[in-house]
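Reading through the structure tokens given below for one structure.
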Amino acid sequence: MKKAKDWNSEVYYAINFYEKVLSIIGVWPLNAGEFKSIVRCFLAVLIQISTIISLSLEAYRQCLGTEDMMEAFLMDLSSVVSLSKLLVVRLTWRHTYALVTSLIDDWSISRDTQQREIMMKYTNVGRMVSLTILYLGYASGVSFLFMALPFDSLIPWLNISKVNDNDTALSTYFLATYCVFGTLPTIAHSCILLLQVAQIFVNATSHCGNDGFFFGLTMHLCGQFEVLEMDFANIEVEKRACKQRLRMLIGRHCRLIRLADSLEYAFNMAIFAQLLMSVLLLCLEGMQLIISLKINDNIAAIKHVVLILTMLVQLYLYCYAGDQLESITGRLAYNAYSSPWYNFDVKVMKDLPMVMLRGELAHQITAGKFLPMNLFSFKEILKATGSYLSVLRVMIDV
């Protein structure tokens, strides 16, 4: 495999972003065996574990009431899912390694202009969406930092509500850990704040970096299936060239099927964890948003809106990517049929039904091997969540 310095401009454009983000937390598959990568992953895991422990203790103690407990629980759940993504992607690095090396090889092969345009189209979509979800994740993290700033004295119209009258006597933290740490000396308090900045950063990077990585790999795989469909539709009629071309395309199809299986194996448990968290957080954050609007706590409402948008984008990302892959892989039989098969040699013509039979089997990305991730699933989740929030809003108003 070529090293980074030997990549051409297309390869560099396609994967440089993912390499930079995932290398921070030590899960970039091409560096998985390096000591530096192992240490970074170990530190990221420790930081996530420290987040889970501190927030779990906060939720258990409940010394500042229900709102503080709920905030600690939400971030705790997010940290658990972030840790699961980190571990799953790290433990399945051989599958993501195969996907990344295939991406590099695909861009290194000489192709015609139309095929490269198709590949670049999917690469641009993958990059744009990955950058968007990463920025949304960091915006969500920054909202936690803003909550610790004294906006009530700077901007009066924000009307920030206090948990109780003793809030001013407590040290300020970026995460809901007031019961765990309480009031500390200045140096210790500064160290805790720095740790929490690292916790928020690692959480956002693990969530959104892995989500973007999955989306980018899926989009590239979709591009390769579309190129394969084009090749099937343009098979030469001449007997010898036709047999060789068909043999090569069948081999390419088998390789893409194996890569799609690797994508499913590498991410299905991470998607399952994300799905469970997204559904639960959509309900809980929606409830918190309704309560915040009712008591005119505008800063908290803004934070809940950002988190809800992030959850929806993350969930839609997986559903859209799975739907695209399912749609494109299911079209292969039609494109094989669109070839001039009626002019082929009889022996070649007999091979096409097997190709078409396999091409009708769409490949699905699933959550934990049981729920297909597509736009229909996304619609059903939104319907169920919307129904829950509508009932909850009526109950709160009553």
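Order determines the names: the first chain of the structure tokens is A, the second B, and so forth; residues in each chain are numbered 1 upward, and ligands are numbered 1 upward as they are shown.
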Under the rule of at most 10 Å, produce a per-residue listing of range 2-104 of chain A near range 187-196 of chain A: chain, number, name, the closest pair of atoms, and the distance in Å, as a Markdown table, using only C-alpha atoms.
```
| residue | atom | partner | partner_atom | distance |
| --- | --- | --- | --- | --- |
| A:Ile47 | CA | A:Leu195 | CA | 8.1 |
| A:Ser50 | CA | A:Leu195 | CA | 9.2 |
| A:Thr51 | CA | A:Gln196 | CA | 7.9 |
```
Residues of range 360-386 of chain A that have any atom at most 10 Å from an atom of range 326-334 of chain A: could you tabulate them with the shortest-distance atom pair and the distance in Å to one decimal, using only C-alpha atoms, ordered by chain and increasing number, as JSON lines?
```
{"residue": "A:Glu360", "atom": "CA", "partner": "A:Gly330", "partner_atom": "CA", "distance": 5.1}
{"residue": "A:Leu361", "atom": "CA", "partner": "A:Gly330", "partner_atom": "CA", "distance": 5.9}
{"residue": "A:Ala362", "atom": "CA", "partner": "A:Gly330", "partner_atom": "CA", "distance": 4.3}
{"residue": "A:His363", "atom": "CA", "partner": "A:Glu326", "partner_atom": "CA", "distance": 5.2}
{"residue": "A:Gln364", "atom": "CA", "partner": "A:Glu326", "partner_atom": "CA", "distance": 5.3}
{"residue": "A:Ile365", "atom": "CA", "partner": "A:Glu326", "partner_atom": "CA", "distance": 7.7}
{"residue": "A:Pro372", "atom": "CA", "partner": "A:Glu326", "partner_atom": "CA", "distance": 9.5}
{"residue": "A:Met373", "atom": "CA", "partner": "A:Glu326", "partner_atom": "CA", "distance": 9.2}
{"residue": "A:Asn374", "atom": "CA", "partner": "A:Glu326", "partner_atom": "CA", "distance": 8.0}
```
Residues of range 206-282 of chain A that have any atom at most 7 Å from an atom of range 116-133 of chain A: could you tabulate them with the shortest-distance atom pair and the distance in Å to one decimal, using only C-alpha atoms, ordered by chain and increasing number, as a Markdown table?
```
| residue | atom | partner | partner_atom | distance |
| --- | --- | --- | --- | --- |
| A:Cys208 | CA | A:Ile133 | CA | 6.0 |
| A:Gly212 | CA | A:Ser130 | CA | 4.1 |
| A:Phe215 | CA | A:Gly126 | CA | 6.0 |
| A:Gly216 | CA | A:Gly126 | CA | 4.4 |
| A:Met219 | CA | A:Tyr122 | CA | 5.4 |
| A:His220 | CA | A:Tyr122 | CA | 6.0 |
| A:Gly223 | CA | A:Met119 | CA | 5.2 |
```
Please save N, CA and C atoms of the selected residues as a tab-separated table (two decimals), in the first residue's frame.
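Generated output (out.tsv):
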```
chain	number	residue	atom	x	y	z
A	208	CYS	N	-18.68	12.28	16.10
A	208	CYS	CA	-18.82	12.84	14.76
A	208	CYS	C	-17.71	12.40	13.81
A	212	GLY	N	-18.70	10.54	10.42
A	212	GLY	CA	-18.26	11.03	9.13
A	212	GLY	C	-17.43	10.01	8.37
A	215	PHE	N	-19.78	7.54	6.85
A	215	PHE	CA	-20.49	8.12	5.71
A	215	PHE	C	-19.57	8.23	4.49
A	216	GLY	N	-18.34	8.66	4.71
A	216	GLY	CA	-17.40	8.79	3.60
A	216	GLY	C	-17.11	7.45	2.94
A	219	MET	N	-20.23	6.34	0.95
A	219	MET	CA	-20.38	7.08	-0.30
A	219	MET	C	-19.39	6.60	-1.36
A	220	HIS	N	-18.17	6.31	-0.94
A	220	HIS	CA	-17.19	5.80	-1.92
A	220	HIS	C	-17.64	4.45	-2.45
A	223	GLY	N	-20.24	4.91	-5.00
A	223	GLY	CA	-19.64	5.33	-6.26
A	223	GLY	C	-19.06	4.17	-7.03
```
From the DSSP assignment of the backbone, select every residue of range 155-388 of chain A that is strand (DSSP E or B), and format the answer as a PyMOL selection string.
chain A and resi 366-367+371-372
Residues at most 10 Å from range 261-274 of chain A, counting only C-alpha atoms, excluding those fewer than 4 positions away in the same chain, as a ChimeraX atom specification?
/A:78,80-99,207,210-211,214,217-218,221,255-257,278-280,311,314-315,318-319,322,363-373
DSSP-assigned alpha helix (DSSP H) members of range 143-376 of chain A, reported as a PyMOL selection string:
chain A and resi 143-147+151-154+178-181+186-204+210-233+239-294+298-329+332-337+346-359+375-376
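For the pair CA of Ala384 in chain A and CA of Ala301 in chain A, the separation is 22.0 Å.
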Shortest interatomic distance to Phe17 in chain A - which of A:Ile299, A:Leu134, A:Val355, A:Ala260, counting only C-alpha atoms:
A:Leu134
List the neighbours of range 73-77 of chain A out to 8 Å using only C-alpha atoms; skip same-chain residues closer than 3 positions along the sequence, and give me the result as a PDB file with N, CA and C atoms, in the first residue's frame.
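Result file is out09.pdb:
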```pdb
ATOM      1  N   THR A  51     -15.287  10.517  32.162  1.00  0.00           N
ATOM      2  CA  THR A  51     -16.554  11.241  31.965  1.00  0.00           C
ATOM      3  C   THR A  51     -17.731  10.423  32.468  1.00  0.00           C
ATOM      4  N   ILE A  52     -17.757   9.157  32.110  1.00  0.00           N
ATOM      5  CA  ILE A  52     -18.866   8.278  32.506  1.00  0.00           C
ATOM      6  C   ILE A  52     -18.938   8.142  34.027  1.00  0.00           C
ATOM      7  N   LEU A  55     -20.082  11.599  35.709  1.00  0.00           N
ATOM      8  CA  LEU A  55     -21.479  11.920  35.432  1.00  0.00           C
ATOM      9  C   LEU A  55     -22.426  10.891  36.047  1.00  0.00           C
ATOM     10  N   SER A  56     -22.005   9.644  36.117  1.00  0.00           N
ATOM     11  CA  SER A  56     -22.837   8.619  36.775  1.00  0.00           C
ATOM     12  C   SER A  56     -22.981   8.921  38.257  1.00  0.00           C
ATOM     13  N   ALA A  59     -25.416  11.852  38.590  1.00  0.00           N
ATOM     14  CA  ALA A  59     -26.813  11.441  38.425  1.00  0.00           C
ATOM     15  C   ALA A  59     -27.305  10.653  39.632  1.00  0.00           C
ATOM     16  N   MET A  69     -29.579  16.402  37.490  1.00  0.00           N
ATOM     17  CA  MET A  69     -29.480  14.964  37.309  1.00  0.00           C
ATOM     18  C   MET A  69     -29.738  14.580  35.855  1.00  0.00           C
ATOM     19  N   MET A  70     -30.744  15.209  35.232  1.00  0.00           N
ATOM     20  CA  MET A  70     -31.079  14.904  33.849  1.00  0.00           C
ATOM     21  C   MET A  70     -29.954  15.305  32.893  1.00  0.00           C
ATOM     22  N   VAL A  80     -21.218   7.099  26.950  1.00  0.00           N
ATOM     23  CA  VAL A  80     -21.226   5.636  26.817  1.00  0.00           C
ATOM     24  C   VAL A  80     -21.246   5.240  25.343  1.00  0.00           C
ATOM     25  N   VAL A  81     -22.100   5.901  24.553  1.00  0.00           N
ATOM     26  CA  VAL A  81     -22.185   5.591  23.127  1.00  0.00           C
ATOM     27  C   VAL A  81     -20.899   6.000  22.414  1.00  0.00           C
ATOM     28  N   MET A 277     -29.251   5.471  21.469  1.00  0.00           N
ATOM     29  CA  MET A 277     -29.023   6.759  22.106  1.00  0.00           C
ATOM     30  C   MET A 277     -29.854   7.857  21.441  1.00  0.00           C
ATOM     31  N   LEU A 281     -32.436  10.034  23.453  1.00  0.00           N
ATOM     32  CA  LEU A 281     -32.104  11.450  23.626  1.00  0.00           C
ATOM     33  C   LEU A 281     -33.096  12.371  22.919  1.00  0.00           C
ATOM     34  N   LEU A 284     -35.845  12.596  25.479  1.00  0.00           N
ATOM     35  CA  LEU A 284     -35.454  13.321  26.685  1.00  0.00           C
ATOM     36  C   LEU A 284     -35.142  14.789  26.389  1.00  0.00           C
TER      37      LEU A 284
END
```
Asn234 in chain A: which residues within 9 Å, counting only C-alpha atoms, same-chain residues fewer than 2 positions away excluded, as an mmCIF file with N, CA and C atoms, in the first residue's frame?
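Contents of the output file around-v4.cif:
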```cif
data_model
loop_
_atom_site.group_PDB
_atom_site.id
_atom_site.type_symbol
_atom_site.label_atom_id
_atom_site.label_comp_id
_atom_site.auth_asym_id
_atom_site.auth_seq_id
_atom_site.Cartn_x
_atom_site.Cartn_y
_atom_site.Cartn_z
ATOM 1 N N GLU A 229 -22.012 -0.644 -12.388
ATOM 2 C CA GLU A 229 -23.238 -0.690 -13.170
ATOM 3 C C GLU A 229 -22.999 -0.146 -14.578
ATOM 4 N N MET A 230 -22.246 0.931 -14.660
ATOM 5 C CA MET A 230 -21.938 1.515 -15.955
ATOM 6 C C MET A 230 -21.139 0.537 -16.812
ATOM 7 N N ASP A 231 -20.184 -0.162 -16.176
ATOM 8 C CA ASP A 231 -19.371 -1.128 -16.913
ATOM 9 C C ASP A 231 -20.206 -2.311 -17.402
ATOM 10 N N PHE A 232 -21.151 -2.769 -16.590
ATOM 11 C CA PHE A 232 -22.015 -3.866 -17.023
ATOM 12 C C PHE A 232 -22.875 -3.449 -18.212
ATOM 13 N N GLU A 236 -18.634 -5.113 -24.098
ATOM 14 C CA GLU A 236 -18.442 -5.271 -25.532
ATOM 15 C C GLU A 236 -19.144 -6.528 -26.034
ATOM 16 N N ALA A 336 -27.307 -4.828 -15.810
ATOM 17 C CA ALA A 336 -26.822 -5.999 -16.546
ATOM 18 C C ALA A 336 -27.805 -6.359 -17.659
ATOM 19 N N SER A 338 -29.622 -4.223 -19.158
ATOM 20 C CA SER A 338 -29.566 -3.146 -20.158
ATOM 21 C C SER A 338 -28.422 -3.337 -21.143
ATOM 22 N N SER A 339 -27.517 -4.264 -20.868
ATOM 23 C CA SER A 339 -26.406 -4.536 -21.792
ATOM 24 C C SER A 339 -26.946 -5.223 -23.048
ATOM 25 N N PRO A 340 -26.215 -5.197 -24.155
ATOM 26 C CA PRO A 340 -26.682 -5.871 -25.391
ATOM 27 C C PRO A 340 -26.515 -7.385 -25.306
#
```
